[in-house]
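Undergrad: If you scroll down you'll find the structure; I have some questions about it.
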Amino acid sequence: MNYLRRIDWIMRSYNVAVVGATGAVGNEMISILEERNFPVKTLTLLASERSLGKELEFRGKKHPVKVLGEHSFEGVEIGLFSAGGSISQKFAPIAAAAGCVVIDNTSAFRYEPDIPLVIPEVNPEKIAEYRRRGIIANPNCSTIQMVVVLKPIHDVARIKRVVVSTYQSVSGTGKKAMEELAEQTRAIMNFQDPVAKVYPYQIAFNCLPHIDVFLENGYTKEEMKMVWETQKIMGDDSIAVTATTIRVPVFRAHSESVNIETEKKITAKEAKEVLSRAPGIVVVDNPGKREYPLAIHAVGKDETFVGRIREDTSIVNGLNLWIVSDNLRKGAALNAVQIAEILFRDYLK
Ligand code: A2P
């Protein structure tokens with residue numbers, strides 16, 4: 001950080017609240033605020049009554065977890081929400097009415113036309129629209145990592161169609177799902193029956209073609225999120241997207257197989273060059289040395305990793321990509337904190 005910017009940060013700091021602070025994404029939000037030296041004046045940690053009495057550490061100090069209520073946002077300037085859609089539906093407007101800018105990690109507001117849906121590397125200018133309702137939506141984890149990679153290719157070759165299959169980790173469902181994978185794995189290794197509570201079927205040693213609810217068109221909502229959000233963030237409804245989203249027995253980091261068809265020809269070599277220069281992306285693509293993105297390498301990292309970049313031999317202008325990122329970081333908490341950074345740098349005085 002340069003000297004002048006640092007002085008700016010020292011001069012102005014913000015009252016921040018994390019809603020869903022005890023959850024998988026909430027925990028990550030707290031760590032990222034600390035790691036990135038976000039100018040926090042006060043940090044309010046909010047969760048349900050179940051968490052009353054818990055304390056969480058921020059900058060070496062224990063902070064009590066408070067119960068979320070209608071008066072939780074008095075004096076709060078930035079609210080990072082990740083406690084589920086129904087909590088956001090109810091409390092984000094209450095927070096916004098109290099003068100807090102909400103960055104919402106749920107799907108509660110993503111598809112409303114007057115709510116900006118933002119990936120800082122892709123459409124940071126949309127943050128200005130927070131003024132309409134005081135809410136900025138954070139996209140779905142699978143969409144974020146895909147669109148970060150699609151945007152630089154779209155800019156040079158215009159993407160016509162995307163076919164994506166995801167391999168999503170259980171942390172995207174939350175802490176209980178992570179415990180369920182651990183418990184089922186332990187049970188099976190000890191010749192006991194696995195118990196499924198969070199997912200409809202055993203997730204250990206299995207893949208579930210079912211994330212979120214099924215819709216009338218036969219897709220799941222998670223799959224349609226990738227369609228709706230890609231078009232909204234790219235500002236181009238003509239990009240055709242079809243998705244199959246799969247839950248896999250991985251704790252953390254999502255992987256995606258992405259096939260794209262472009263209007264203009266882009267070779268694999270050109271795509272690698274374009275992606276190497278793009279923000280937030282690391283190209284890991286050296287198959288001869290068995291170098292390609294892996295979920296286990298992406299955990300705890302900020303970047304989105306892309307590899308297996310190759311031309312689709314079945315069509316004229318097509319590319320195949322393998323995209324991996326930490327769903328709790330770039331897919332959720334980091335993207336939200338990056339939005340908050342732009343908010344205070346460019347908009348909040
Ligand atoms: P709590 O731990 O008190 O249940 P995850 O996505 O990892 O499951 O985390 C969900 C987060 O949302 C947790 O912090 C959880 O708090 C919080 N949460 C869930 N329901 C409520 C609620 N009714 N009011 C406030 N926070 C909630």
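We label chains A, B, ... in the order they appear in the structure tokens, count residues from 1 in each chain, and number ligands from 1 in the order shown.
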Grab me every residue within 8 Å of ligand 1, counting only C-alpha atoms and all ligand atoms, and send it over as a list in words.
TA: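 Going residue by residue within 8 Å of ligand 1, we get Val19, Gly20, Ala21, Thr22, Gly23, Ala24, Val25, Gly26, Leu46, Ala47, Ser48, Glu49, Arg50, Ser51, Leu52, Val67, Leu68, Gly69, Ser82, Ala83, Gly84, Ile87, Ser171, Gly172, Thr173, Gly174, Lys175, Lys176 and Ala177 of chain A.
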Undergrad: Sorted by chain and rising residue number, which residues of segment 235-282 of chain A lie within 12 Å of segment 114-132 of chain A, and what are their closest atom pairs and distances in Å to one decimal, counting only C-alpha atoms, as a Markdown table?
TA:
```
| residue | atom | partner | partner_atom | distance |
| --- | --- | --- | --- | --- |
| A:Gly235 | CA | A:Asn123 | CA | 8.8 |
| A:Ala278 | CA | A:Glu121 | CA | 8.6 |
| A:Pro279 | CA | A:Glu121 | CA | 6.4 |
| A:Gly280 | CA | A:Glu121 | CA | 7.2 |
| A:Ile281 | CA | A:Glu121 | CA | 9.8 |
```
Undergrad: Please report, as CSV, each residue of segment 243-344 of chain A lying at most 12 Å from segment 73-77 of chain A, together with the nearest pair of atoms and the separation in Å rounded to one decimal; use only C-alpha atoms, and order rows by chain and ascending residue number.
TA:
```
residue,atom,partner,partner_atom,distance
A:Ala340,CA,A:Glu77,CA,10.4
A:Leu343,CA,A:Glu77,CA,10.8
A:Phe344,CA,A:Glu77,CA,10.0
```
Undergrad: Put those residues in a file: N, CA and C atoms, as a PDB file, in the first residue's frame.
TA:
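Saved to out29.pdb:
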```pdb
ATOM      1  N   ALA A 340     -16.228  -3.949  -0.143  1.00  0.00           N
ATOM      2  CA  ALA A 340     -16.194  -2.970   0.962  1.00  0.00           C
ATOM      3  C   ALA A 340     -14.989  -2.039   0.819  1.00  0.00           C
ATOM      4  N   LEU A 343     -15.815   0.480  -1.728  1.00  0.00           N
ATOM      5  CA  LEU A 343     -16.858   1.335  -1.161  1.00  0.00           C
ATOM      6  C   LEU A 343     -16.237   2.448  -0.312  1.00  0.00           C
ATOM      7  N   PHE A 344     -15.328   2.077   0.577  1.00  0.00           N
ATOM      8  CA  PHE A 344     -14.792   3.143   1.435  1.00  0.00           C
ATOM      9  C   PHE A 344     -13.757   3.986   0.703  1.00  0.00           C
TER      10      PHE A 344
END
```
Undergrad: Show which residues sit within 9 Å of Met178 of chain A, as a list in words. Count only C-alpha atoms, and ignore same-chain residues fewer than 6 positions away.
TA: Ser169, Val170, Ser171, Gly172, Val250, Phe251 and Arg252 of chain A
Undergrad: Could you turn the residues from that selection into a file that holds N, CA and C atoms, as a compact mmCIF listing (two decimals), in the first residue's frame?
TA:
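The result, stored in out39.txt:
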```
# COMPACT_ATOMS: atom_id res chain seq x y z
N SER A 169 -17.45 -27.98 -3.18
CA SER A 169 -17.11 -28.51 -1.86
C SER A 169 -18.25 -28.29 -0.87
N VAL A 170 -18.23 -29.06 0.21
CA VAL A 170 -19.32 -29.01 1.19
C VAL A 170 -19.31 -27.73 2.03
N SER A 171 -18.18 -27.02 2.09
CA SER A 171 -18.17 -25.79 2.89
C SER A 171 -19.12 -24.74 2.32
N GLY A 172 -19.48 -24.89 1.04
CA GLY A 172 -20.47 -23.99 0.45
C GLY A 172 -21.83 -24.11 1.12
N VAL A 250 -15.45 -32.90 -1.00
CA VAL A 250 -14.25 -32.07 -0.81
C VAL A 250 -14.64 -31.05 0.25
N PHE A 251 -13.75 -30.76 1.18
CA PHE A 251 -14.13 -29.82 2.25
C PHE A 251 -14.19 -28.38 1.77
N ARG A 252 -13.18 -28.03 0.98
CA ARG A 252 -13.09 -26.60 0.66
C ARG A 252 -12.47 -26.40 -0.71
```
